[in-house]
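Q: Contents of run12.cif (mmCIF, C-alpha atoms and all ligand atoms) are below:
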```cif
data_my_file
#
loop_
_atom_site.label_atom_id
_atom_site.label_comp_id
_atom_site.auth_asym_id
_atom_site.auth_seq_id
_atom_site.Cartn_x
_atom_site.Cartn_y
_atom_site.Cartn_z
CA MET A 245 19.19 11.65 -6.46
CA SER A 246 20.03 11.65 -10.17
CA LEU A 247 17.40 10.52 -12.66
CA PHE A 248 20.02 9.18 -15.06
CA ASP A 249 21.94 5.92 -14.73
CA SER A 250 25.52 6.43 -13.58
CA GLN A 251 28.04 3.97 -15.00
CA ALA A 252 27.62 1.78 -11.94
CA ASP A 253 23.81 1.96 -12.19
CA ALA A 254 23.93 1.03 -15.87
CA ALA A 255 26.03 -2.03 -14.99
CA PHE A 256 23.58 -2.92 -12.24
CA ARG A 257 20.68 -2.59 -14.68
CA GLN A 258 22.40 -5.03 -17.03
CA GLU A 259 22.96 -7.46 -14.17
CA VAL A 260 19.28 -7.38 -13.14
CA ARG A 261 18.16 -7.64 -16.76
CA ARG A 262 20.32 -10.72 -17.35
CA PHE A 263 19.19 -12.29 -14.11
CA CYS A 264 15.52 -11.78 -14.92
CA ALA A 265 15.96 -13.06 -18.48
CA ASP A 266 17.46 -16.27 -17.13
CA ASN A 267 15.40 -16.81 -14.01
CA VAL A 268 11.77 -15.72 -14.29
CA PRO A 269 9.88 -19.00 -14.84
CA ALA A 270 7.99 -19.04 -18.16
CA GLU A 271 4.71 -19.99 -16.49
CA LEU A 272 5.01 -17.06 -14.12
CA ARG A 273 5.72 -14.62 -16.96
CA ALA A 274 2.67 -15.88 -18.81
CA ARG A 275 0.51 -15.52 -15.71
CA VAL A 276 1.66 -11.95 -15.07
CA ARG A 277 1.14 -10.99 -18.71
CA SER A 278 -2.36 -12.44 -18.69
CA GLY A 279 -3.43 -10.07 -15.89
CA LEU A 280 -4.06 -12.84 -13.37
CA ARG A 281 -2.45 -12.59 -9.97
CA PRO A 282 0.25 -15.20 -9.35
CA THR A 283 -0.80 -18.04 -7.08
CA PRO A 284 0.74 -18.16 -3.57
CA ALA A 285 2.93 -21.06 -4.77
CA GLN A 286 4.21 -18.89 -7.64
CA PHE A 287 4.87 -15.94 -5.31
CA ARG A 288 6.85 -18.25 -3.03
CA GLU A 289 8.80 -19.71 -5.93
CA TRP A 290 9.82 -16.23 -7.13
CA GLN A 291 10.80 -15.25 -3.57
CA SER A 292 13.01 -18.31 -3.22
CA ILE A 293 14.67 -17.62 -6.61
CA LEU A 294 15.49 -14.07 -5.50
CA TYR A 295 16.67 -15.33 -2.13
CA ARG A 296 19.14 -17.73 -3.73
CA GLN A 297 20.55 -14.78 -5.67
CA GLY A 298 20.91 -12.79 -2.41
CA TRP A 299 18.11 -10.43 -3.49
CA GLY A 300 15.37 -11.72 -1.17
CA ALA A 301 14.81 -8.35 0.51
CA PRO A 302 15.70 -5.46 -1.80
CA SER A 303 14.62 -2.78 0.69
CA TRP A 304 16.07 -4.25 3.91
CA PRO A 305 19.43 -3.30 5.42
CA THR A 306 22.27 -5.79 4.79
CA GLN A 307 22.50 -6.50 8.51
CA TYR A 308 19.23 -8.45 8.28
CA GLY A 309 19.92 -10.14 4.96
CA GLY A 310 18.73 -7.30 2.74
CA THR A 311 20.57 -5.98 -0.29
CA GLY A 312 21.24 -2.51 1.09
CA TRP A 313 20.46 -1.15 -2.38
CA SER A 314 20.19 2.60 -2.94
CA PRO A 315 16.81 4.13 -3.93
CA VAL A 316 18.04 4.28 -7.53
CA GLN A 317 18.96 0.59 -7.48
CA LEU A 318 15.58 -0.30 -5.98
CA HIS A 319 13.90 1.59 -8.77
CA ILE A 320 16.06 -0.09 -11.41
CA PHE A 321 15.26 -3.50 -9.92
CA GLU A 322 11.53 -2.72 -10.08
CA GLN A 323 11.79 -1.46 -13.65
CA GLU A 324 13.74 -4.45 -14.88
CA SER A 325 11.68 -7.08 -13.09
CA ALA A 326 8.46 -5.46 -14.35
CA ALA A 327 9.87 -5.37 -17.90
CA ALA A 328 10.65 -9.10 -17.59
CA ASP A 329 7.05 -9.79 -16.46
CA ALA A 330 8.19 -10.90 -13.02
CA PRO A 331 5.59 -10.23 -10.31
CA PRO A 332 6.19 -7.85 -7.43
CA GLN A 333 7.31 -9.76 -4.34
CA TYR A 334 4.47 -10.64 -1.98
CA HIS A 335 4.63 -7.89 0.58
CA GLN A 336 2.98 -8.92 3.85
CA GLY A 337 5.98 -10.72 5.33
CA LEU A 338 8.66 -8.83 3.49
CA GLU A 339 7.46 -5.28 3.70
CA LEU A 340 4.96 -5.20 6.55
CA ILE A 341 5.94 -7.42 9.48
CA GLY A 342 9.63 -7.89 8.50
CA PRO A 343 10.61 -4.24 9.07
CA ILE A 344 8.59 -4.13 12.30
CA LEU A 345 10.49 -7.17 13.53
CA PHE A 346 13.92 -5.82 12.71
CA THR A 347 12.96 -2.52 14.33
CA TYR A 348 11.06 -3.65 17.44
CA GLY A 349 11.44 -7.45 17.67
CA THR A 350 13.41 -9.37 20.30
CA PRO A 351 16.74 -10.94 19.23
CA GLU A 352 15.00 -14.36 19.22
CA GLN A 353 12.16 -13.08 17.01
CA LYS A 354 14.64 -11.57 14.58
CA GLU A 355 16.76 -14.69 14.47
CA HIS A 356 13.83 -17.03 13.94
CA TYR A 357 11.51 -15.11 11.63
CA LEU A 358 13.60 -12.83 9.42
CA PRO A 359 15.52 -15.61 7.58
CA ARG A 360 12.26 -17.49 6.97
CA ILE A 361 10.63 -14.41 5.48
CA LEU A 362 13.64 -13.91 3.24
CA SER A 363 13.70 -17.46 1.94
CA GLY A 364 9.96 -17.61 1.35
CA GLU A 365 9.59 -20.49 3.82
CA HIS A 366 7.05 -18.55 5.90
CA TRP A 367 4.01 -16.89 4.36
CA TRP A 368 2.50 -14.20 6.59
CA CYS A 369 -0.97 -12.72 6.71
CA GLN A 370 -2.10 -9.44 8.25
CA GLY A 371 -4.78 -9.81 10.93
CA TYR A 372 -5.94 -6.23 11.46
CA SER A 373 -9.44 -5.67 10.08
CA GLU A 374 -12.53 -7.01 11.85
CA PRO A 375 -16.26 -6.94 11.06
CA GLN A 376 -16.73 -3.64 12.94
CA ALA A 377 -13.20 -2.33 12.61
CA GLY A 378 -11.91 -1.41 9.15
CA SER A 379 -11.25 2.29 8.63
CA ASP A 380 -11.92 2.71 12.35
CA LEU A 381 -9.27 0.13 13.24
CA ALA A 382 -9.03 1.25 16.87
CA ALA A 383 -12.52 -0.24 17.37
CA LEU A 384 -11.04 -3.75 17.09
CA ARG A 385 -12.39 -6.21 19.65
CA THR A 386 -10.26 -9.34 19.32
CA ARG A 387 -9.11 -9.75 22.89
CA ALA A 388 -5.90 -11.22 24.32
CA GLU A 389 -5.92 -11.98 28.04
CA ARG A 390 -2.67 -12.69 29.79
CA GLN A 391 -2.65 -16.10 31.51
CA GLY A 392 0.80 -16.94 32.87
CA ALA A 393 3.22 -17.44 29.99
CA HIS A 394 0.46 -17.15 27.35
CA TYR A 395 -2.18 -14.84 25.96
CA ARG A 396 -5.61 -16.40 25.47
CA VAL A 397 -6.95 -14.85 22.25
CA ASN A 398 -10.62 -14.67 21.25
CA GLY A 399 -12.22 -12.80 18.39
CA GLN A 400 -12.65 -12.58 14.64
CA LYS A 401 -10.64 -11.07 11.83
CA LEU A 402 -12.14 -10.26 8.43
CA TRP A 403 -10.72 -9.77 4.92
CA THR A 404 -7.48 -11.47 5.97
CA SER A 405 -5.71 -12.02 2.63
CA TYR A 406 -4.42 -15.56 2.10
CA ALA A 407 -4.87 -16.65 5.73
CA HIS A 408 -5.63 -20.12 4.35
CA GLU A 409 -2.15 -20.20 2.79
CA SER A 410 -0.31 -18.65 5.72
CA ASP A 411 2.10 -20.05 8.26
CA MET A 412 1.92 -16.99 10.50
CA MET A 413 -0.34 -14.02 11.18
CA PHE A 414 0.68 -10.68 12.65
CA CYS A 415 -2.35 -9.72 14.57
CA LEU A 416 -3.57 -6.63 16.38
CA VAL A 417 -5.38 -7.53 19.61
CA ARG A 418 -6.90 -5.66 22.51
CA THR A 419 -4.99 -6.29 25.74
CA SER A 420 -6.69 -3.61 27.89
CA ASP A 421 -9.51 -1.07 27.83
CA GLU A 422 -8.10 2.42 27.91
CA ALA A 423 -9.81 5.78 27.59
CA ARG A 424 -7.79 6.27 24.41
CA ARG A 425 -8.69 3.07 22.54
CA GLN A 426 -5.36 2.91 20.67
CA ASN A 427 -3.43 2.51 23.94
CA GLY A 428 -4.90 -0.90 24.74
CA ILE A 429 -3.79 -2.57 21.48
CA SER A 430 -0.87 -5.00 21.15
CA LEU A 431 0.80 -6.79 18.25
CA LEU A 432 1.07 -10.60 18.43
CA LEU A 433 2.71 -13.13 16.11
CA VAL A 434 0.29 -16.02 15.81
CA ASP A 435 1.16 -19.47 14.45
CA MET A 436 -1.67 -20.33 12.05
CA ARG A 437 -1.49 -24.02 13.07
CA SER A 438 -2.48 -23.15 16.65
CA PRO A 439 -5.52 -25.02 17.96
CA GLY A 440 -8.61 -22.77 18.01
CA ILE A 441 -7.98 -21.04 14.65
CA THR A 442 -10.61 -21.52 11.94
CA VAL A 443 -10.07 -19.97 8.50
CA ARG A 444 -12.95 -19.55 6.07
CA PRO A 445 -11.94 -18.37 2.59
CA PHE A 446 -14.58 -16.69 0.44
CA ALA A 447 -14.65 -15.78 -3.25
CA THR A 448 -14.54 -12.21 -4.53
CA LEU A 449 -15.81 -10.63 -7.74
CA ASP A 450 -12.59 -11.41 -9.62
CA GLU A 451 -13.39 -15.12 -9.15
CA GLN A 452 -10.36 -15.66 -6.96
CA THR A 453 -10.34 -16.89 -3.40
CA HIS A 454 -7.76 -14.79 -1.65
CA VAL A 455 -9.64 -13.26 1.27
CA THR A 456 -10.83 -15.03 4.38
CA GLU A 457 -12.51 -14.76 7.73
CA VAL A 458 -10.35 -15.91 10.63
CA PHE A 459 -11.95 -17.04 13.87
CA LEU A 460 -9.84 -17.24 17.02
CA ASP A 461 -11.34 -19.31 19.82
CA ASP A 462 -9.24 -19.66 22.96
CA VAL A 463 -6.03 -19.57 20.93
CA MET A 464 -3.04 -19.77 23.29
CA VAL A 465 -0.19 -17.55 22.11
CA PRO A 466 3.11 -17.59 24.06
CA VAL A 467 4.00 -14.22 25.61
CA THR A 468 7.30 -14.45 23.72
CA GLN A 469 5.24 -13.77 20.58
CA LEU A 470 4.41 -10.23 21.68
CA VAL A 471 6.18 -7.63 19.53
CA GLY A 472 7.64 -4.72 21.48
CA ASP A 473 5.66 -3.56 24.49
CA GLU A 474 2.15 -4.52 25.51
CA GLY A 475 -0.27 -1.72 24.62
CA LYS A 476 2.06 -0.20 22.01
CA GLY A 477 0.89 -2.30 19.05
CA TRP A 478 -1.01 0.61 17.58
CA SER A 479 2.11 2.70 17.06
CA TYR A 480 3.89 -0.21 15.34
CA GLY A 481 0.79 -0.70 13.21
CA LYS A 482 0.90 2.87 12.06
CA VAL A 483 4.50 2.40 10.92
CA LEU A 484 3.29 -0.58 8.89
CA LEU A 485 0.52 1.32 7.22
CA ASP A 486 2.84 4.21 6.39
CA ARG A 487 5.31 1.78 4.85
CA GLU A 488 2.55 0.01 2.95
CA ARG A 489 1.50 3.31 1.40
CA ALA A 490 5.04 4.36 0.60
CA LEU A 491 5.74 1.01 -1.04
CA THR A 492 2.73 1.48 -3.21
CA ALA A 493 4.93 4.17 -4.74
CA THR A 494 7.16 1.71 -6.57
CA LEU A 495 4.09 0.17 -8.19
CA GLY A 496 3.96 3.15 -10.60
CA VAL A 497 6.62 1.23 -12.50
CA ARG A 498 4.23 -1.68 -12.97
CA LEU A 499 1.54 0.59 -14.37
CA ARG A 500 3.86 1.44 -17.25
CA ARG A 501 4.32 -2.23 -18.07
CA GLN A 502 0.57 -2.78 -17.97
CA LEU A 503 0.09 0.06 -20.43
CA GLU A 504 2.46 -1.79 -22.74
CA TYR A 505 0.20 -4.86 -22.50
CA VAL A 506 -2.76 -2.61 -23.33
CA ARG A 507 -0.93 -1.15 -26.33
CA ALA A 508 0.00 -4.64 -27.58
CA GLN A 509 -3.58 -5.82 -27.18
CA ALA A 510 -4.95 -2.79 -29.01
CA ALA A 511 -2.51 -3.28 -31.88
CA ARG A 512 -4.22 -6.58 -32.71
CA GLY A 513 -7.19 -6.44 -35.00
CA GLY A 514 -9.92 -8.98 -34.67
CA ASP A 515 -12.75 -10.44 -36.75
CA GLY A 516 -11.76 -8.29 -39.73
CA ALA A 517 -11.98 -5.09 -37.66
CA PRO A 518 -9.06 -2.63 -37.75
CA PRO A 519 -6.85 -2.54 -34.64
CA LEU A 520 -8.23 -0.35 -31.88
CA LEU A 521 -4.90 1.46 -31.80
CA GLU A 522 -5.93 3.15 -35.05
CA SER A 523 -8.81 4.87 -33.27
CA THR A 524 -7.97 8.47 -32.33
CA HIS A 525 -10.23 8.29 -29.32
CA PHE A 526 -8.50 5.17 -28.02
CA ARG A 527 -5.02 6.58 -28.67
CA SER A 528 -5.85 9.74 -26.80
CA ARG A 529 -7.07 7.72 -23.76
CA LEU A 530 -3.85 5.71 -23.90
CA ALA A 531 -1.66 8.82 -24.24
CA GLN A 532 -3.43 10.52 -21.32
CA LEU A 533 -2.71 7.51 -19.12
CA GLU A 534 0.90 7.35 -20.28
CA VAL A 535 1.40 10.96 -19.19
CA GLU A 536 -0.21 10.35 -15.80
CA VAL A 537 1.77 7.14 -15.26
CA THR A 538 5.01 9.02 -15.98
CA ALA A 539 4.03 11.61 -13.38
CA ILE A 540 3.34 9.00 -10.70
CA GLU A 541 6.63 7.25 -11.43
CA TYR A 542 8.45 10.47 -10.55
CA MET A 543 6.28 10.96 -7.47
CA GLY A 544 7.25 7.45 -6.48
CA LEU A 545 10.95 8.12 -6.91
CA ARG A 546 10.69 11.14 -4.67
CA ALA A 547 8.90 9.16 -1.95
CA LEU A 548 11.46 6.38 -2.21
CA ALA A 549 14.36 8.80 -1.79
CA ASP A 550 12.68 10.37 1.26
CA ASN A 551 11.99 6.95 2.73
CA VAL A 552 15.56 5.75 2.53
CA SER A 553 17.14 9.00 3.67
CA GLY A 554 14.77 9.18 6.64
CA VAL A 555 13.11 12.45 5.59
CA ASP A 556 9.54 12.86 6.82
CA ALA A 557 7.56 12.49 3.61
CA GLY A 558 4.44 13.89 5.30
CA PRO A 559 1.30 12.56 3.66
CA ARG A 560 3.06 11.78 0.35
CA GLY A 561 2.37 8.08 0.87
CA SER A 562 -1.36 8.87 1.04
CA MET A 563 -1.16 10.98 -2.10
CA LEU A 564 0.60 8.18 -3.95
CA LYS A 565 -1.84 5.59 -2.74
CA ILE A 566 -4.78 7.58 -4.08
CA ARG A 567 -3.16 8.33 -7.43
CA TRP A 568 -1.80 4.81 -7.94
CA SER A 569 -5.07 3.05 -7.08
CA GLU A 570 -7.17 5.30 -9.30
CA LEU A 571 -4.71 4.98 -12.18
CA LEU A 572 -4.55 1.22 -11.81
CA GLN A 573 -8.31 1.00 -12.16
CA ARG A 574 -8.26 3.20 -15.28
CA VAL A 575 -5.37 1.27 -16.86
CA ASN A 576 -7.14 -2.03 -16.26
CA LEU A 577 -10.40 -0.65 -17.63
CA LEU A 578 -8.59 0.35 -20.82
CA TRP A 579 -7.12 -3.15 -20.98
CA VAL A 580 -10.61 -4.63 -20.72
CA ASP A 581 -11.81 -2.26 -23.47
CA ALA A 582 -8.86 -3.21 -25.66
CA THR A 583 -9.64 -6.90 -25.17
CA GLY A 584 -13.20 -6.30 -26.36
CA TYR A 585 -16.04 -8.71 -25.81
CA GLU A 586 -13.55 -11.51 -25.14
CA ALA A 587 -12.86 -9.83 -21.80
CA ALA A 588 -16.41 -10.50 -20.67
CA ARG A 589 -15.70 -14.23 -20.62
CA PHE A 590 -15.48 -15.54 -17.09
CA ARG A 591 -13.66 -18.61 -15.89
CA SER A 592 -15.27 -21.79 -17.06
CA ALA A 593 -16.71 -24.12 -14.43
CA ASP A 594 -15.13 -26.94 -16.43
CA PRO A 595 -11.55 -27.48 -15.12
CA ALA A 596 -10.43 -28.69 -18.56
CA GLN A 597 -11.42 -25.30 -20.03
CA GLN A 598 -9.89 -23.15 -17.32
CA GLU A 599 -6.40 -22.95 -18.78
CA VAL A 600 -7.81 -21.95 -22.15
CA ASP A 601 -9.94 -19.27 -20.52
CA GLU A 602 -7.15 -17.66 -18.53
CA ALA A 603 -5.74 -15.63 -21.38
CA SER A 604 -9.06 -13.95 -22.11
CA TYR A 605 -10.36 -13.49 -18.62
CA GLY A 606 -7.09 -12.10 -17.18
CA PRO A 607 -7.74 -8.41 -17.95
CA MET A 608 -11.27 -8.58 -16.50
CA SER A 609 -9.95 -10.36 -13.41
CA ALA A 610 -7.24 -7.67 -13.08
CA TYR A 611 -9.82 -4.93 -13.46
CA LEU A 612 -12.20 -6.42 -10.90
CA HIS A 613 -9.36 -7.07 -8.48
CA SER A 614 -8.15 -3.50 -8.87
CA ARG A 615 -11.46 -2.27 -7.41
CA VAL A 616 -10.05 -3.24 -4.01
CA THR A 617 -7.06 -0.93 -4.26
CA THR A 618 -9.15 2.12 -3.40
CA ILE A 619 -10.34 0.28 -0.26
CA TYR A 620 -7.47 -1.67 1.27
CA GLY A 621 -4.35 -0.28 2.90
CA GLY A 622 -6.65 2.48 4.21
CA ALA A 623 -9.62 3.50 2.03
CA ASN A 624 -9.01 6.48 -0.27
CA GLU A 625 -11.57 8.61 1.60
CA VAL A 626 -9.51 8.05 4.74
CA GLN A 627 -6.31 8.94 2.85
CA ARG A 628 -7.97 12.21 1.83
CA ASN A 629 -8.70 12.91 5.51
CA ILE A 630 -5.00 12.31 6.27
CA ILE A 631 -3.91 14.72 3.53
CA ALA A 632 -6.39 17.33 4.78
CA ARG A 633 -5.01 17.02 8.30
CA ARG A 634 -1.29 16.68 7.63
CA ALA A 635 -0.77 18.78 4.51
CA LEU A 636 -3.57 21.33 4.70
CA ASP A 637 -3.83 21.57 8.51
CA LEU A 638 -7.62 21.26 8.35
C1 LIG B 1 -9.72 -7.75 -1.06
C2 LIG B 1 -9.40 -7.19 0.30
C3 LIG B 1 -8.25 -7.61 0.94
C4 LIG B 1 -7.96 -7.14 2.22
N1 LIG B 1 -6.87 -7.66 2.89
C5 LIG B 1 -6.70 -7.36 4.20
C6 LIG B 1 -5.69 -8.02 4.98
O1 LIG B 1 -4.93 -8.85 4.49
N2 LIG B 1 -5.61 -7.73 6.29
C7 LIG B 1 -6.43 -6.81 6.90
O2 LIG B 1 -6.28 -6.58 8.10
N3 LIG B 1 -7.39 -6.17 6.19
C8 LIG B 1 -7.55 -6.42 4.87
N4 LIG B 1 -8.54 -5.80 4.13
C9 LIG B 1 -9.45 -4.89 4.83
C10 LIG B 1 -9.31 -3.44 4.43
O3 LIG B 1 -8.18 -2.87 5.03
C11 LIG B 1 -10.63 -2.75 4.85
O4 LIG B 1 -11.62 -3.21 3.97
C12 LIG B 1 -10.51 -1.25 4.79
O5 LIG B 1 -9.70 -0.76 5.83
C13 LIG B 1 -11.91 -0.58 4.90
O6 LIG B 1 -12.59 -1.05 6.02
P1 LIG B 1 -14.08 -1.63 5.88
O7 LIG B 1 -14.13 -2.63 4.78
O8 LIG B 1 -14.53 -2.06 7.23
O9 LIG B 1 -14.97 -0.39 5.39
P2 LIG B 1 -15.48 0.81 6.31
O10 LIG B 1 -14.39 1.27 7.18
O11 LIG B 1 -16.77 0.40 6.93
O12 LIG B 1 -15.74 1.90 5.20
C14 LIG B 1 -16.90 1.90 4.36
C15 LIG B 1 -16.89 3.19 3.55
O13 LIG B 1 -16.93 4.31 4.41
C16 LIG B 1 -15.84 5.20 4.15
N5 LIG B 1 -15.33 5.78 5.40
C17 LIG B 1 -15.08 5.11 6.55
N6 LIG B 1 -14.60 5.97 7.49
C18 LIG B 1 -14.53 7.20 6.89
C19 LIG B 1 -14.11 8.48 7.33
N7 LIG B 1 -13.61 8.66 8.57
N8 LIG B 1 -14.17 9.52 6.46
C20 LIG B 1 -14.63 9.34 5.18
N9 LIG B 1 -15.06 8.12 4.71
C21 LIG B 1 -15.01 7.08 5.56
C22 LIG B 1 -14.77 4.29 3.55
O14 LIG B 1 -13.87 5.02 2.74
C23 LIG B 1 -15.60 3.34 2.71
O15 LIG B 1 -15.93 3.92 1.46
C24 LIG B 1 -8.82 -6.20 2.84
C25 LIG B 1 -9.97 -5.74 2.16
C26 LIG B 1 -10.26 -6.23 0.93
C27 LIG B 1 -11.53 -5.76 0.26
#
```
For this file, produce the structure as structure tokens.
A:
Amino acid sequence: MSLFDSQADAAFRQEVRRFCADNVPAELRARVRSGLRPTPAQFREWQSILYRQGWGAPSWPTQYGGTGWSPVQLHIFEQESAAADAPPQYHQGLELIGPILFTYGTPEQKEHYLPRILSGEHWWCQGYSEPQAGSDLAALRTRAERQGAHYRVNGQKLWTSYAHESDMMFCLVRTSDEARRQNGISLLLVDMRSPGITVRPFATLDEQTHVTEVFLDDVMVPVTQLVGDEGKGWSYGKVLLDRERALTATLGVRLRRQLEYVRAQAARGGDGAPPLLESTHFRSRLAQLEVEVTAIEYMGLRALADNVSGVDAGPRGSMLKIRWSELLQRVNLLWVDATGYEAARFRSADPAQQEVDEASYGPMSAYLHSRVTTIYGGANEVQRNIIARRALDL
């Protein structure tokens, strides 16, 4: 894989750049630049804009409506959309359950769900974690009992991102008790409008409400909603987590853009004080991060190339996840520092003030939200265990 744009890649870059210049909604750009996460409605809007362009699924094969882009094109797309302050696409439908469905789903599941993921019509949530099953996911207790043409599902999921906004949940459930706990786990596609589902959102430190508890009480799920074979859900789940980690790789590109926001912020003086960018100490923190972000971008490119060419990347996804999450937290901390005391302002309780506040509380919200990145998608301590086992044979 060449690191330089070929003539065709350069033309592609221009095409993406033009498209982004013309199509990223101004409000969305402003939101991304402020540091606040886009709302679900904004994520959906961006997905439908990309879909209309035929770019709904950059990493999927063309056979399922994807672009079939090469790793270099994927990277260019990420670079250009980040430079245009477009958000990353929301990943749970597109990058987690979508690839599972086109790999293991029935023809009916593919036909029904894949186009709806592509168009943004369906928003999916991931129902894996439970109160006693996070890192030790195989301890999950949500149970699905086969009753004729249905499974009767009972249990509770925890930390389910955006369940209150979701049409569908891909859900790991226990279908039997086996000596090896992983063998009794299946993957079900659950319609979030099913009777018996209660979703309770709760607020997190970043003052957003994106995580929820999901209670399932006698929820009847048709057997046709089982993905692959009963009792094999664990192995499909592992594919998802591996993909989730590998995808984290492309986010290195976004770190670079965020550093540009930090630089721009630090170039502003305030209250008669000289710009922070004139401070040697600050510039050296910024330069250090720029070097480390460059390194992770190249790590990401390598993982992407392996992913597409089917090479076993070993624990590279885990390595990237650790580096990316730690860097993200440091970049956001620098952004908060560059914003100064203004960053300490939290969202006003007065709705009329909220819009005004957004610009100043964005970096703090981004920083507080970034705390989660060392926990979700497999906590970093667990990633270190994976590296120890798979790379160091410990
Ligand atoms: C904001 C947010 C959004 C999330 N979104 C989703 C979602 O959409 N869907 C979903 O299914 N889940 C989601 N999660 C859950 C997330 O995947 C879990 O929080 C994560 O797997 C950790 O599990 P836990 O919280 O139960 O912590 P625990 O597993 O109890 O871990 C607690 C601490 O112990 C450490 N630890 C645990 N086991 C080991 C070990 N073997 N070796 C070394 N250290 C260990 C962990 O690293 C951590 O520091 C989300 C979590 C958060 C915070």
Q: Fewer than 3 positions away in the same chain doesn't count, so skip those; otherwise give me all residues within 10 Å of Phe446 (chain A), counting only C-alpha atoms, as JSON, numbers by chain.
A: {"A": [403, 443, 451, 452, 453, 454, 455, 456, 457]}
Q: Step by step, measure atom-to-atom distances between ligand LIG 1 (chain B) and each residue using all atoms listed in the file, keep those at most 6 Å, then write them as an MDAnalysis selection string.
A: chainID A and resid 369:373 377:380 403:405 455 616 619:626
Q: Store the residues picked out above, limited to C-alpha atoms, as an mmCIF file, keeping the file's coordinate frame.
A:
```cif
data_model
loop_
_atom_site.group_PDB
_atom_site.id
_atom_site.type_symbol
_atom_site.label_atom_id
_atom_site.label_comp_id
_atom_site.auth_asym_id
_atom_site.auth_seq_id
_atom_site.Cartn_x
_atom_site.Cartn_y
_atom_site.Cartn_z
ATOM 1 C CA CYS A 369 -0.970 -12.720 6.710
ATOM 2 C CA GLN A 370 -2.100 -9.440 8.250
ATOM 3 C CA GLY A 371 -4.780 -9.810 10.930
ATOM 4 C CA TYR A 372 -5.940 -6.230 11.460
ATOM 5 C CA SER A 373 -9.440 -5.670 10.080
ATOM 6 C CA ALA A 377 -13.200 -2.330 12.610
ATOM 7 C CA GLY A 378 -11.910 -1.410 9.150
ATOM 8 C CA SER A 379 -11.250 2.290 8.630
ATOM 9 C CA ASP A 380 -11.920 2.710 12.350
ATOM 10 C CA TRP A 403 -10.720 -9.770 4.920
ATOM 11 C CA THR A 404 -7.480 -11.470 5.970
ATOM 12 C CA SER A 405 -5.710 -12.020 2.630
ATOM 13 C CA VAL A 455 -9.640 -13.260 1.270
ATOM 14 C CA VAL A 616 -10.050 -3.240 -4.010
ATOM 15 C CA ILE A 619 -10.340 0.280 -0.260
ATOM 16 C CA TYR A 620 -7.470 -1.670 1.270
ATOM 17 C CA GLY A 621 -4.350 -0.280 2.900
ATOM 18 C CA GLY A 622 -6.650 2.480 4.210
ATOM 19 C CA ALA A 623 -9.620 3.500 2.030
ATOM 20 C CA ASN A 624 -9.010 6.480 -0.270
ATOM 21 C CA GLU A 625 -11.570 8.610 1.600
ATOM 22 C CA VAL A 626 -9.510 8.050 4.740
#
```
Q: Quick one, how far is CA of Leu638 (chain A) from CA of Glu374 (chain A)?
A: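 So the answer is 28.9 Å.
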Q: Closest to Phe321 (chain A) among A:Ser303, A:Ser292, A:Gln286, A:Ser528, using only C-alpha atoms?
A: A:Ser303
Q: Looking at only C-alpha atoms, which of A:Ala393, A:Tyr585, A:Gly496, A:Cys415 is the one that sits closest to Asp515 (chain A)?
A: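 Closest to Asp515 (chain A), using only C-alpha atoms: A:Tyr585.
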Q: Take every atom of region 623-638 of chain A listed in the file, fit an axis-aligned box around them, add 3 Å per side, and give the centre and edge lengths in Å to one decimal as AutoDock Vina command-line options.
A:
```
--center_x -6.2 --center_y 12.5 --center_z 4.1 --size_x 16.8 --size_y 24.1 --size_z 14.8
```
Q: Which neighbours of Gly349 (chain A) fall inside 12 Å, counting all atoms listed in the file, when residues of the same chain fewer than 2 positions from it are skipped, and could you give them as a ChimeraX atom specification?
A: /A:341-347,351-358,431-433,468-473,477,480
Q: Can you work out which one of A:Glu289, A:Asp421, A:Glu586, A:Asp329 has the shortest atom-to-atom distance to Arg277 (chain A), counting all atoms listed in the file?
A: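 Looking at the shortest contact to Arg277 (chain A), the residue is A:Asp329.
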Q: Pick the closest to Ala511 (chain A) from A:Gln323, A:Asn267, A:Val260, A:Arg527: which is it, counting only C-alpha atoms?
A: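 Smallest separation from Ala511 (chain A) among the options: A:Arg527.
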